[in-house]
Amino acid sequence: GGGNGVPCPPADLRRICDKYDNKGSFRKCLDACEPSFCCIHDALSPPAPNSNYLAPNCNANVNCAQYSYCYIAWWKLADTIGPAIYLKVEQDDDFYDISADELEGDQTDYDFFQQFSLHHWDDIDTIVVAGTDSNGDFKTSTIFNDPDYWD
């Protein structure tokens with residue numbers, strides 16, 4: 001274990017996250033690394049006031065260091081054109097085996113992408129209110145396309 005929801009990583013994480021290993025696969029690497037995303041950011045976590053309960057960090061978890069091979073996935077997801085919802089994941093090699101279409105648009109109903117998209121802010125209630133439309137639906141594009149939220 002390691003508590004805070006970060007399990008021990010798969011034994012072959014180094015190989016599946018290695019672009020040059022024949023077992024390497026961005027899709028498999030991302031899947032294996034998802035539980036550790038909370039290790040790499042510092043969004044203010046509960047019980048602190050005005051915290052981010054939708055994307056709390058876990059960077060003090062004992063298992064975080066075991067996910068160091070995930071840097072290739074986190075770097076690629078940070079490779080955007082403008083705001084973070086515009087991902088550039090396609091490349092001309094076998095490792096990057098996810099198409100841009102799979103990750104395009106608002107992915108916040110998928111737990112990992114909710115955390116990925118919303119980890120940028122501490123006071124998440126302010127973001128949720130600002131990003132919720134008149135139908136009660138949260139739209140990441142409302143926030144990410146507004147330069148007022150780019151700080």
# chains A, B, ... in the order shown; residues from 1 in each chain; ligands from 1
$ residues_around --residues "range 84-95 of chain A" --least-positions-apart "6" --cutoff "12 Å" --atoms "only C-alpha atoms" --output "PyMOL selection string"
chain A and resi 15-30+72-78+101-108+113-114+116-120+139-146+149-150
$ residues_around --residues "Ser51 in chain A" --least-positions-apart "5" --cutoff "10 Å" --atoms "only C-alpha atoms" --output "ChimeraX atom specification"
/A:43-46,56,121-125
$ closest_residue --among "A:Ile98, A:Ser36, A:Ile127, A:Pro10" --to "Cys58 in chain A" --atoms "only C-alpha atoms"
A:Ser36
$ atom_distance --atom1 "CA of Arg14 in chain A" --atom2 "CA of Gln66 in chain A"
9.7 Å
$ atom_distance --atom1 "CA of Asn59 in chain A" --atom2 "CA of Ile40 in chain A"
6.3 Å
$ select_by_dssp --residues "range 63-146 of chain A" --states "alpha helix (DSSP H)" --output "NGL selection string"
:A and (71-77 or 100-103 or 111-118 or 124-131 or 140-144)
$ atom_distance --atom1 "CA of Phe138 in chain A" --atom2 "CA of Leu54 in chain A"
12.9 Å
$ select_by_dssp --residues "chain A" --states "strand (DSSP E or B)" --output "mmCIF file with all heavy atoms, in the first residue's frame"
data_model
loop_
_atom_site.group_PDB
_atom_site.id
_atom_site.type_symbol
_atom_site.label_atom_id
_atom_site.label_comp_id
_atom_site.auth_asym_id
_atom_site.auth_seq_id
_atom_site.Cartn_x
_atom_site.Cartn_y
_atom_site.Cartn_z
ATOM 1 N N THR A 80 0.763 20.989 -25.019
ATOM 2 C CA THR A 80 -0.503 21.474 -25.540
ATOM 3 C C THR A 80 -0.295 22.623 -26.511
ATOM 4 O O THR A 80 0.789 23.181 -26.620
ATOM 5 C CB THR A 80 -1.401 21.980 -24.396
ATOM 6 O OG1 THR A 80 -0.740 23.080 -23.770
ATOM 7 C CG2 THR A 80 -1.693 20.894 -23.384
ATOM 8 N N LEU A 87 -4.785 18.940 -26.312
ATOM 9 C CA LEU A 87 -3.653 18.034 -26.181
ATOM 10 C C LEU A 87 -3.064 17.657 -27.527
ATOM 11 O O LEU A 87 -3.790 17.496 -28.511
ATOM 12 C CB LEU A 87 -4.086 16.756 -25.454
ATOM 13 C CG LEU A 87 -4.644 16.959 -24.056
ATOM 14 C CD1 LEU A 87 -5.180 15.638 -23.514
ATOM 15 C CD2 LEU A 87 -3.597 17.531 -23.130
ATOM 16 N N THR A 132 -19.874 26.276 -14.882
ATOM 17 C CA THR A 132 -21.155 25.584 -14.990
ATOM 18 C C THR A 132 -22.144 26.431 -15.774
ATOM 19 O O THR A 132 -22.352 27.602 -15.464
ATOM 20 C CB THR A 132 -21.707 25.251 -13.587
ATOM 21 O OG1 THR A 132 -20.745 24.432 -12.904
ATOM 22 C CG2 THR A 132 -23.022 24.505 -13.663
ATOM 23 N N PHE A 138 -20.989 21.291 -16.216
ATOM 24 C CA PHE A 138 -19.666 21.913 -16.139
ATOM 25 C C PHE A 138 -18.975 21.745 -17.492
ATOM 26 O O PHE A 138 -18.928 20.647 -18.045
ATOM 27 C CB PHE A 138 -18.812 21.285 -15.039
ATOM 28 C CG PHE A 138 -17.446 21.905 -14.953
ATOM 29 C CD1 PHE A 138 -17.264 23.133 -14.341
ATOM 30 C CD2 PHE A 138 -16.345 21.279 -15.505
ATOM 31 C CE1 PHE A 138 -16.018 23.731 -14.278
ATOM 32 C CE2 PHE A 138 -15.081 21.855 -15.446
ATOM 33 C CZ PHE A 138 -14.926 23.086 -14.823
#
$ closest_residue --among "A:Ala65, A:Ala55, A:Ala60, A:Leu13" --to "Ala32 in chain A" --atoms "only C-alpha atoms"
A:Leu13
